[in-house]
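Undergrad: Have a peek at query_10.cif (mmCIF, C-alpha atoms).
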```
data_query
#
loop_
_atom_site.label_atom_id
_atom_site.label_comp_id
_atom_site.auth_asym_id
_atom_site.auth_seq_id
_atom_site.Cartn_x
_atom_site.Cartn_y
_atom_site.Cartn_z
CA MET A 653 -150.47 66.44 -4.89
CA THR A 654 -148.43 64.40 -7.39
CA THR A 655 -145.77 65.88 -9.65
CA GLU A 656 -148.17 65.44 -12.55
CA ASP A 657 -150.83 67.41 -10.70
CA SER A 658 -148.36 70.20 -9.90
CA ILE A 659 -147.36 70.46 -13.56
CA LYS A 660 -150.99 70.59 -14.67
CA GLN A 661 -151.75 73.18 -12.02
CA ILE A 662 -149.08 75.50 -13.45
CA MET A 663 -150.17 74.76 -17.01
CA SER A 664 -153.79 75.61 -16.27
CA THR A 665 -152.86 79.22 -15.48
CA TYR A 666 -151.63 79.62 -19.08
CA LEU A 667 -154.08 77.46 -21.01
CA LYS A 668 -157.68 78.29 -21.76
CA THR A 669 -159.05 75.66 -19.40
CA SER A 670 -159.44 75.06 -15.68
CA TYR A 671 -157.28 72.55 -13.85
CA GLY A 672 -160.21 70.17 -13.39
CA ASP A 673 -161.03 70.16 -17.09
CA MET A 674 -157.54 69.39 -18.34
CA SER A 675 -157.47 66.31 -20.53
CA ASN A 676 -154.22 64.56 -21.39
CA ASP A 677 -155.41 64.31 -24.99
CA ALA A 678 -156.01 68.04 -25.45
CA VAL A 679 -153.78 69.57 -28.13
CA LEU A 680 -151.66 72.38 -26.70
CA THR A 681 -151.76 74.65 -29.73
CA ASP A 682 -155.57 74.52 -29.64
CA MET A 683 -155.54 75.85 -26.10
CA VAL A 684 -153.61 79.08 -26.59
CA ALA A 685 -154.38 82.13 -28.64
CA GLU A 686 -150.72 82.57 -29.67
CA SER A 687 -147.45 80.72 -29.44
CA PHE A 688 -145.88 83.19 -27.00
CA VAL A 689 -148.16 81.84 -24.26
CA LEU A 690 -146.51 78.45 -24.73
CA ILE A 691 -143.07 80.06 -24.37
CA GLU A 692 -144.16 81.77 -21.14
CA MET A 693 -145.64 78.51 -19.85
CA LEU A 694 -142.50 76.50 -20.62
CA MET A 695 -140.28 79.06 -18.90
CA SER A 696 -142.55 79.13 -15.86
CA LEU A 697 -142.64 75.31 -15.63
CA GLN A 698 -138.84 75.13 -15.76
CA ASP A 699 -138.52 77.84 -13.16
CA GLU A 700 -141.03 76.24 -10.78
CA LEU A 701 -139.78 72.69 -11.21
CA GLY A 702 -136.08 73.52 -11.32
CA VAL A 703 -135.40 71.66 -14.57
CA ILE A 704 -134.12 72.71 -17.99
CA ILE A 705 -135.73 71.55 -21.20
CA ASN A 706 -134.73 72.32 -24.76
CA GLN A 707 -136.34 72.13 -28.19
CA GLU A 708 -135.23 68.55 -28.74
CA ASP A 709 -137.19 67.52 -25.64
CA ILE A 710 -140.46 68.85 -26.99
CA GLN A 711 -140.13 68.12 -30.69
CA HIS A 712 -142.72 65.33 -30.49
CA VAL A 713 -144.96 67.03 -27.94
CA ALA A 714 -148.49 67.75 -29.13
CA THR A 715 -150.80 67.25 -26.16
CA ILE A 716 -150.99 68.16 -22.50
CA GLY A 717 -150.16 64.56 -21.61
CA ASP A 718 -147.05 64.61 -23.83
CA LEU A 719 -145.72 67.75 -22.13
CA VAL A 720 -146.50 66.52 -18.63
CA LYS A 721 -144.53 63.35 -19.43
CA VAL A 722 -141.50 65.41 -20.54
CA PHE A 723 -141.45 67.38 -17.30
CA VAL A 724 -142.06 64.32 -15.11
CA GLU A 725 -139.15 62.52 -16.77
CA LYS A 726 -136.90 65.58 -16.60
CA GLY A 727 -137.76 66.02 -12.95
CA ALA A 728 -137.01 62.37 -12.20
CA ALA A 729 -133.73 62.54 -14.10
CA ALA A 730 -132.70 65.64 -12.14
CA GLN A 731 -133.21 63.90 -8.77
CA MET M 348 -145.33 97.61 -59.08
CA ASN M 349 -143.11 100.74 -59.29
CA ASP M 350 -139.99 101.70 -57.31
CA ASN M 351 -142.00 103.85 -54.92
CA ASP M 352 -144.28 100.94 -54.05
CA ASN M 353 -141.24 98.74 -53.47
CA GLU M 354 -139.71 101.30 -51.15
CA ASP M 355 -142.98 101.68 -49.23
CA TRP M 356 -143.13 97.93 -48.81
CA ILE M 357 -139.56 97.41 -47.59
CA LEU M 358 -139.69 100.31 -45.11
CA SER M 359 -143.07 99.04 -43.88
CA PHE M 360 -141.54 95.57 -43.56
CA TYR M 361 -138.74 97.00 -41.38
CA ARG M 362 -141.30 98.88 -39.29
CA PHE M 363 -143.47 95.81 -38.82
CA SER M 364 -140.48 93.68 -37.94
CA GLU M 365 -139.33 96.17 -35.29
CA ILE M 366 -142.84 96.28 -33.80
CA THR M 367 -142.99 92.49 -33.69
CA GLY M 368 -139.57 92.42 -31.99
CA ALA M 369 -140.61 95.05 -29.46
CA LEU M 370 -143.76 93.15 -28.52
CA PHE M 371 -141.82 89.90 -28.15
CA PHE M 372 -139.04 91.41 -26.03
CA GLY M 373 -141.49 93.44 -23.98
CA ARG M 374 -143.40 90.35 -22.98
CA LEU M 375 -140.18 88.52 -22.22
CA ALA M 376 -138.96 91.42 -20.10
CA LYS M 377 -142.16 91.05 -18.07
CA VAL M 378 -141.60 87.39 -17.22
CA LEU M 379 -137.81 87.16 -16.86
CA PRO M 380 -136.38 87.01 -13.36
CA ALA M 381 -134.56 90.11 -12.13
CA GLY M 382 -130.95 90.38 -13.24
CA GLU M 383 -128.69 91.58 -16.03
CA ILE M 384 -130.56 89.69 -18.76
CA GLN M 385 -133.84 91.21 -17.66
CA ARG M 386 -132.25 94.69 -17.56
CA ASP M 387 -130.74 94.43 -21.04
CA MET M 388 -133.83 92.75 -22.49
CA THR M 389 -135.89 95.70 -21.26
CA LYS M 390 -133.51 98.14 -23.00
CA HIS M 391 -133.66 95.99 -26.13
CA PHE M 392 -137.49 96.16 -26.00
CA ALA M 393 -137.31 99.96 -25.70
CA ASP M 394 -134.88 100.17 -28.66
CA GLU M 395 -137.07 98.07 -30.93
CA SER M 396 -140.07 100.26 -30.09
CA LEU M 397 -138.06 103.33 -30.93
CA HIS M 398 -136.87 101.79 -34.20
CA ALA M 399 -140.48 101.12 -35.17
CA TRP M 400 -141.14 104.78 -34.54
CA TYR M 401 -138.10 105.82 -36.64
CA TRP M 402 -139.43 103.86 -39.60
CA THR M 403 -142.92 105.24 -39.12
CA LYS M 404 -141.46 108.77 -38.97
CA THR M 405 -139.26 108.09 -41.99
CA LEU M 406 -142.25 106.99 -44.04
CA SER M 407 -144.20 110.03 -42.85
CA GLU M 408 -141.37 112.44 -43.73
CA MET M 409 -141.27 110.93 -47.20
CA GLY M 410 -145.00 111.57 -47.55
CA LYS M 411 -145.82 107.86 -47.36
CA LYS M 412 -147.94 105.62 -45.15
CA PRO M 413 -147.02 102.17 -43.83
CA VAL M 414 -148.51 99.40 -45.94
CA HIS M 415 -150.01 96.21 -44.51
CA ILE M 416 -147.51 93.43 -43.93
CA GLY M 417 -148.86 89.94 -43.30
CA ASP M 418 -146.08 88.09 -41.49
CA ALA M 419 -143.00 89.44 -39.78
CA TYR M 420 -139.62 87.80 -40.37
CA GLN M 421 -139.74 86.56 -36.77
CA ASP M 422 -143.01 84.68 -37.39
CA GLN M 423 -141.27 82.67 -40.07
CA TYR M 424 -138.47 81.82 -37.62
CA LEU M 425 -140.92 80.32 -35.15
CA GLU M 426 -142.64 78.40 -37.93
CA SER M 427 -139.34 77.05 -39.16
CA VAL M 428 -137.46 76.21 -35.97
CA GLY M 429 -140.33 75.81 -33.51
CA ILE M 430 -140.85 77.78 -30.34
CA PRO M 431 -137.80 78.37 -28.15
CA THR M 432 -138.16 76.66 -24.78
CA ASN M 433 -135.68 78.44 -22.53
CA ILE M 434 -133.80 81.72 -22.20
CA MET M 435 -130.69 80.38 -23.95
CA GLU M 436 -132.68 79.38 -27.04
CA ILE M 437 -134.50 82.71 -27.01
CA LEU M 438 -131.21 84.61 -26.90
CA ALA M 439 -129.64 82.37 -29.55
CA ILE M 440 -132.52 82.90 -31.98
CA THR M 441 -132.42 86.63 -31.24
CA ASN M 442 -128.68 86.75 -31.87
CA VAL M 443 -129.06 85.14 -35.28
CA PHE M 444 -131.98 87.39 -36.11
CA GLU M 445 -130.12 90.55 -35.08
CA CYS M 446 -127.14 89.58 -37.25
CA ARG M 447 -129.52 89.23 -40.18
CA VAL M 448 -131.06 92.64 -39.43
CA ILE M 449 -127.65 94.34 -39.32
CA ALA M 450 -126.58 92.69 -42.58
CA GLN M 451 -129.83 93.67 -44.27
CA TYR M 452 -129.74 97.27 -43.03
CA ALA M 453 -126.06 97.64 -43.99
CA LEU M 454 -126.78 96.30 -47.47
CA HIS M 455 -129.76 98.58 -47.98
CA ASN M 456 -127.80 101.56 -46.68
CA ARG M 457 -125.31 101.07 -49.52
CA VAL M 458 -127.96 101.58 -52.22
CA PRO M 459 -126.80 104.59 -54.28
CA ASP M 460 -128.75 107.86 -54.02
CA LEU M 461 -130.73 106.67 -51.02
CA ASN M 462 -133.05 109.28 -49.56
CA PRO M 463 -131.11 110.99 -46.71
CA VAL M 464 -134.09 110.45 -44.42
CA ILE M 465 -133.65 106.69 -44.84
CA THR M 466 -129.86 106.90 -44.39
CA SER M 467 -130.33 108.85 -41.20
CA ALA M 468 -132.71 106.21 -39.81
CA PHE M 469 -130.26 103.43 -40.71
CA ASP M 470 -127.34 105.22 -39.03
CA THR M 471 -129.29 105.73 -35.82
CA ILE M 472 -130.70 102.21 -35.70
CA MET M 473 -127.43 100.47 -36.59
CA ALA M 474 -125.70 101.89 -33.52
CA ASP M 475 -128.35 100.26 -31.33
CA GLU M 476 -128.23 97.00 -33.29
CA LYS M 477 -124.50 96.66 -32.63
CA TRP M 478 -125.18 96.94 -28.91
CA HIS M 479 -127.92 94.30 -29.24
CA ILE M 480 -125.42 91.83 -30.69
CA LYS M 481 -122.98 92.61 -27.90
CA TRP M 482 -125.35 92.24 -24.95
CA ILE M 483 -126.82 89.03 -26.31
CA GLY M 484 -123.32 87.63 -26.89
CA ASP M 485 -122.38 88.52 -23.31
CA ALA M 486 -125.60 86.99 -21.98
CA LEU M 487 -125.04 83.75 -23.90
CA LYS M 488 -121.51 83.61 -22.50
CA SER M 489 -122.92 84.03 -18.98
CA LEU M 490 -125.22 81.04 -19.60
CA GLU M 491 -122.37 78.69 -20.58
CA PRO M 492 -122.04 77.15 -17.09
CA LYS M 493 -125.76 76.33 -17.09
CA PHE M 494 -126.27 75.13 -20.68
CA GLY M 495 -122.76 74.23 -21.83
CA LYS M 496 -120.74 76.05 -24.49
CA ASP M 497 -121.02 73.20 -27.01
CA HIS M 498 -124.79 73.07 -26.66
CA ILE M 499 -125.07 76.85 -27.11
CA ASP M 500 -122.81 76.75 -30.19
CA ALA M 501 -124.83 73.88 -31.68
CA THR M 502 -128.06 75.80 -31.05
CA LEU M 503 -126.65 78.89 -32.76
CA ASP M 504 -125.54 76.79 -35.74
CA ARG M 505 -129.01 75.26 -36.05
CA TYR M 506 -130.66 78.67 -36.03
CA ARG M 507 -128.15 80.12 -38.53
CA LYS M 508 -128.99 77.31 -40.92
CA ALA M 509 -132.71 78.04 -40.52
CA ASP M 510 -132.05 81.75 -41.00
CA ARG M 511 -130.29 81.16 -44.31
CA GLU M 512 -133.26 79.12 -45.53
CA ILE M 513 -135.82 81.70 -44.38
CA TYR M 514 -133.89 84.60 -45.91
CA GLY M 515 -133.51 82.66 -49.16
CA LYS M 516 -137.27 82.12 -49.29
CA ILE M 517 -137.96 85.80 -48.62
CA ILE M 518 -135.62 86.82 -51.43
CA VAL M 519 -137.40 84.51 -53.84
CA GLU M 520 -140.85 85.63 -52.65
CA HIS M 521 -140.12 89.36 -52.72
CA GLN M 522 -137.44 89.53 -55.41
CA GLU M 523 -139.13 92.34 -57.31
CA ARG M 524 -139.62 94.41 -54.16
CA ILE M 525 -136.01 94.21 -53.03
CA GLU M 526 -134.27 94.04 -56.39
CA HIS M 527 -132.64 97.44 -55.96
CA ILE M 528 -131.06 96.18 -52.73
CA LEU M 529 -130.02 92.86 -54.23
CA ASP M 530 -128.27 94.72 -57.06
CA VAL M 531 -125.89 96.20 -54.49
CA LYS M 532 -125.10 92.71 -53.23
CA LYS M 533 -124.44 91.43 -56.74
CA LYS M 534 -122.07 94.32 -57.51
CA LYS M 535 -120.30 93.79 -54.20
CA SER M 536 -119.69 90.11 -54.92
CA VAL M 537 -118.32 90.71 -58.45
#
```
Is it possible to express this structure as structure tokens?
TA:
Amino acid sequence: MTTEDSIKQIMSTYLKTSYGDMSNDAVLTDMVAESFVLIEMLMSLQDELGVIINQEDIQHVATIGDLVKVFVEKGAAAQ
Amino acid sequence: MNDNDNEDWILSFYRFSEITGALFFGRLAKVLPAGEIQRDMTKHFADESLHAWYWTKTLSEMGKKPVHIGDAYQDQYLESVGIPTNIMEILAITNVFECRVIAQYALHNRVPDLNPVITSAFDTIMADEKWHIKWIGDALKSLEPKFGKDHIDATLDRYRKADREIYGKIIVEHQERIEHILDVKKKKSV
């Protein structure tokens, strides 16, 4: 499983879609009933992947693909 | 709108805000890893729930009912600054918010001839709020090695700026409702 797959696997437990149906173009805010779910998901991703992100990192994030890219880059930078 | 309606609204606003805080901190307490922050966050969650009850009880003892409030103060924070992404940002935004709550409660508590039921609720809640500021300050300090003191300070500054803008908008939007409180501020600054 690639890093991207691992990230999507974690994300799928918080978003209203199954892992297999996750599209990079899907808009994150359309996939949650409330913003707190995004907070929980971001904290879980950081915990699982051992990276820290902050608001500046996600200010241009809109889609699943955007967020995956942030975590992939953060993970690479941390290695 | 008469003075009674204004009072109903502001006490209902406090109640709604405390409920919103309790729900937020309760959910956070569920997902945080075990440790001091989780312990204190859980107490904070319990306090906010209790405060919501104090305001509900206060309204009831005054023969009033809570009125519907659309958005809590916290909702406007998230709209303005975006969602916090990590525990440091969550604590920083909470710190700024709690300072605003204390300032607002202290200001309101200075309104002359305030109903003793309201004063009593303020006195009880303010003691808890002071502890909230302290534990969050301690927690942010404990996170300095992980996030960096400069980064934490910059985050706090950013949220304080947003807070001033949000509070300014609320004052403009609800001027009539909180005029009796704002009068105290004006007299204080003269």
Undergrad: Translate the PyMOL selection byres ((chain A) within 9 of (chain M)) into a concrete residue list for this structure, as a PyMOL selection string.
TA: chain A and resi 687-688+690-692+694-696+698+704-707+710-711
Undergrad: Which value, in Å to one decimal, gives the distance between CA of Tyr666 in chain A and CA of Val684 in chain A?
TA: 7.8 Å
Undergrad: For this file, the PyMOL selection byres ((chain A and resi 657) around 12) selects which residues, as a ChimeraX atom specification?
TA: /A:653-656,658-664,671-672,674-676,716-717,720-721,723-724
Undergrad: Using CA of Ile517 in chain M and CA of Ser364 in chain M as the two end points, give the distance in Å to one decimal.
TA: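 CA of Ser364 in chain M lies 13.5 Å from CA of Ile517 in chain M.
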Undergrad: Between CA of Ile416 in chain M and CA of Trp478 in chain M, what is the distance in Å, rounded to a tenth?
TA: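 Atom-to-atom, CA of Ile416 in chain M to CA of Trp478 in chain M, that is 27.1 Å.
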Undergrad: For the provided coordinates, the residues matched by the PyMOL selection byres ((chain M and resi 356) around 8) should be stated as a ChimeraX atom specification.
TA: /M:352-355,357-360,413-414,416,524
Undergrad: Tell me which of A:His712, A:Met683, A:Gly727, A:Gly702 sits closest to Ser670 in chain A, counting only C-alpha atoms.
TA: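 The closest residue to Ser670 in chain A is A:Met683.
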Undergrad: Considering only C-alpha atoms, return as a PyMOL selection string whatever protein or nucleic-acid residues lie within 9 Å of Val464 in chain M, sequence-local ones (same chain, fewer than 4 positions apart) excluded.
TA: chain M and resi 405-406+408-409+468-469
